[in-house]
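Asks: Below is the file input27.cif, with mmCIF, C-alpha atoms and all ligand atoms.
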data_run
loop_
_atom_site.label_atom_id
_atom_site.label_comp_id
_atom_site.auth_asym_id
_atom_site.auth_seq_id
_atom_site.Cartn_x
_atom_site.Cartn_y
_atom_site.Cartn_z
CA MET Y 1 0.00 0.00 0.00
CA SER Y 2 1.41 3.39 -0.86
CA SER Y 3 1.90 5.73 2.07
CA GLY Y 4 -0.04 8.60 0.51
CA GLU Y 5 -3.15 6.52 0.18
CA THR Y 6 -6.12 7.25 2.38
CA SER Y 7 -8.48 4.58 3.53
CA GLU Y 8 -11.68 4.72 5.49
CA SER Y 9 -10.92 1.62 7.48
CA ASN Y 10 -7.87 0.89 9.53
CA THR Y 11 -5.45 3.68 8.87
CA LYS Y 12 -4.60 5.98 11.73
CA ALA Y 13 -7.19 8.69 11.99
CA ASP Y 14 -5.94 12.23 11.54
CA ASN Y 15 -8.93 13.81 13.22
CA VAL Y 16 -7.39 15.42 16.28
CA SER Y 17 -5.94 18.91 16.28
CA ILE Y 18 -5.04 21.52 18.87
CA ILE Y 19 -6.19 25.06 18.17
CA ASP Y 20 -5.63 27.93 20.62
CA GLY Y 21 -4.92 25.54 23.47
CA LYS Y 22 -8.05 23.50 22.89
CA GLN Y 23 -8.07 20.05 21.50
CA ILE Y 24 -10.56 19.44 18.71
CA ILE Y 25 -11.64 15.92 17.91
CA GLU Y 26 -13.72 15.47 14.80
CA ILE Y 27 -16.14 12.59 14.58
CA GLY Y 28 -18.51 11.82 11.73
CA ALA Y 29 -21.91 10.40 12.56
CA LYS Y 30 -23.79 8.57 9.86
CA GLY Y 31 -24.59 4.89 9.94
CA GLY Y 32 -22.22 4.70 12.89
CA TYR Y 33 -19.28 6.82 13.95
CA ALA Y 34 -16.00 7.46 12.22
CA PRO Y 35 -13.30 7.08 13.20
CA LYS Y 36 -14.24 4.42 15.70
CA VAL Y 37 -11.09 4.99 17.72
CA SER Y 38 -9.40 8.35 18.19
CA ILE Y 39 -6.17 8.99 20.04
CA ALA Y 40 -6.09 12.29 21.89
CA LYS Y 41 -3.98 14.09 24.47
CA ALA Y 42 -4.78 13.99 28.15
CA ASN Y 43 -4.97 17.03 30.44
CA ILE Y 44 -6.19 19.55 27.91
CA PRO Y 45 -9.68 20.99 27.44
CA THR Y 46 -11.29 19.24 24.54
CA ILE Y 47 -14.11 19.80 22.12
CA LEU Y 48 -15.75 16.92 20.38
CA ARG Y 49 -16.98 18.17 17.03
CA VAL Y 50 -19.56 15.78 15.69
CA GLN Y 51 -20.58 16.15 12.09
CA THR Y 52 -23.79 14.81 10.66
CA ARG Y 53 -24.47 14.84 6.95
CA GLY Y 54 -27.85 13.52 5.95
CA THR Y 55 -27.87 11.41 9.09
CA PHE Y 56 -31.29 9.88 9.63
CA ASP Y 57 -30.21 6.77 11.46
CA CYS Y 58 -29.84 6.37 15.17
CA SER Y 59 -26.23 7.52 15.20
CA SER Y 60 -27.78 10.99 15.43
CA ALA Y 61 -29.02 10.07 18.91
CA LEU Y 62 -25.72 10.43 20.72
CA THR Y 63 -24.92 9.65 24.31
CA ILE Y 64 -21.60 9.99 26.13
CA PRO Y 65 -22.28 8.34 29.46
CA SER Y 66 -19.13 9.41 31.32
CA ILE Y 67 -20.00 13.10 30.97
CA GLY Y 68 -23.75 12.66 31.15
CA TYR Y 69 -24.26 13.86 27.59
CA ARG Y 70 -27.30 12.95 25.58
CA ALA Y 71 -28.59 14.75 22.49
CA ASN Y 72 -30.36 14.36 19.22
CA LEU Y 73 -28.02 15.78 16.62
CA PRO Y 74 -29.44 17.68 13.65
CA PRO Y 75 -29.64 15.59 10.45
CA SER Y 76 -26.91 17.77 8.95
CA GLY Y 77 -24.60 20.06 10.82
CA VAL Y 78 -21.85 20.31 13.37
CA THR Y 79 -22.41 19.85 17.09
CA GLU Y 80 -19.68 20.83 19.50
CA ILE Y 81 -19.51 19.06 22.83
CA GLU Y 82 -17.20 20.30 25.56
CA ILE Y 83 -15.22 17.58 27.23
CA PRO Y 84 -13.39 18.35 30.45
CA ALA Y 85 -9.67 17.57 30.44
CA GLN Y 86 -9.27 13.83 30.76
CA LYS Y 87 -6.65 11.90 32.68
CA SER Y 88 -3.98 9.98 30.89
CA GLY Y 89 -5.26 6.48 30.26
CA ALA Y 90 -8.91 7.54 30.23
CA THR Y 91 -11.19 6.34 27.50
CA LEU Y 92 -14.29 8.26 26.53
CA GLN Y 93 -17.00 6.30 24.84
CA GLY Y 94 -19.82 7.61 22.69
CA LEU Y 95 -22.83 5.50 21.87
CA CYS Y 96 -25.99 5.77 19.87
CA ALA Y 97 -29.10 5.72 22.01
CA MET Y 98 -29.57 2.01 21.47
CA GLY Y 99 -25.94 1.14 21.98
CA MET Y 100 -25.42 -0.48 18.60
CA TYR Y 101 -22.93 2.06 17.29
CA ASN Y 102 -20.05 3.42 19.28
CA PHE Y 103 -16.79 5.26 19.15
CA LYS Y 104 -13.94 5.67 21.57
CA VAL Y 105 -11.45 8.36 22.34
CA GLN Y 106 -8.32 7.28 24.14
CA PHE Y 107 -6.45 9.94 26.08
CA ASN Y 108 -2.71 9.50 26.42
CU CU X 201 -28.40 2.81 17.40
#
Represent the structure from my file as structure tokens, please.

Replies:
Amino acid sequence: MSSGETSESNTKADNVSIIDGKQIIEIGAKGGYAPKVSIAKANIPTILRVQTRGTFDCSSALTIPSIGYRANLPPSGVTEIEIPAQKSGATLQGLCAMGMYNFKVQFN
């Protein structure tokens, strides 16, 4: 496989950036969540930026149990969710309301 190639599946996700001291993690929600696993930095305030694009399945009903978050995302748009700084080794999990789709963010 050439190194410049992008793939939806198992390549390392490049969806985490730090802007003005805040960590931004971008997650797509449509028929599940992508990427399913994100690697982020611990001990920095974080925003989860969830993008829907014609999302009419239950991945628009998002819950993040560890921060008590629950919302119905708009069918198309960007929803920003503030995540308090997480400890190193913490894993944040997002789920659809029925628990069939999920994603994880690992903080290192
Ligand atoms: Cu579901």

Asks: Please provide the set of residues having any atom within 9 Å of Y:Gly94, restricted to only C-alpha atoms, with same-chain residues fewer than 2 positions apart removed, written as a PyMOL selection string.

Replies: chain Y and resi 33+62-66+92+96+99+101-105

Asks: Would you compute the distance between atom CA of Y:Ala97 and atom CA of Y:Ala40? Give it in Å to one decimal.

Replies: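 Going from atom CA of Y:Ala97 over to atom CA of Y:Ala40 covers 23.9 Å.
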
Asks: Nearest residue to ligand CU 201 (chain X) out of Y:Gly32, Y:Gly68, Y:Pro75, Y:Pro45, using only C-alpha atoms and all ligand atoms?

Replies: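 Using only C-alpha atoms and all ligand atoms, the shortest distance to ligand CU 201 (chain X) belongs to Y:Gly32.
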
Asks: Between Y:Ala29, Y:Ile81, Y:Ile24, Y:Ile39, which has the minimum distance to Y:Gln51 (counting all atoms listed in the file)?

Replies: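 When distances to Y:Gln51 are compared using all atoms listed in the file, the smallest one comes from Y:Ala29.
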
Asks: Please measure the separation of atom CA of Y:Asp57 and atom CA of Y:Ile83, giving the value in Å to one decimal.

Replies: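 Atom CA of Y:Ile83 lies 24.3 Å from atom CA of Y:Asp57.
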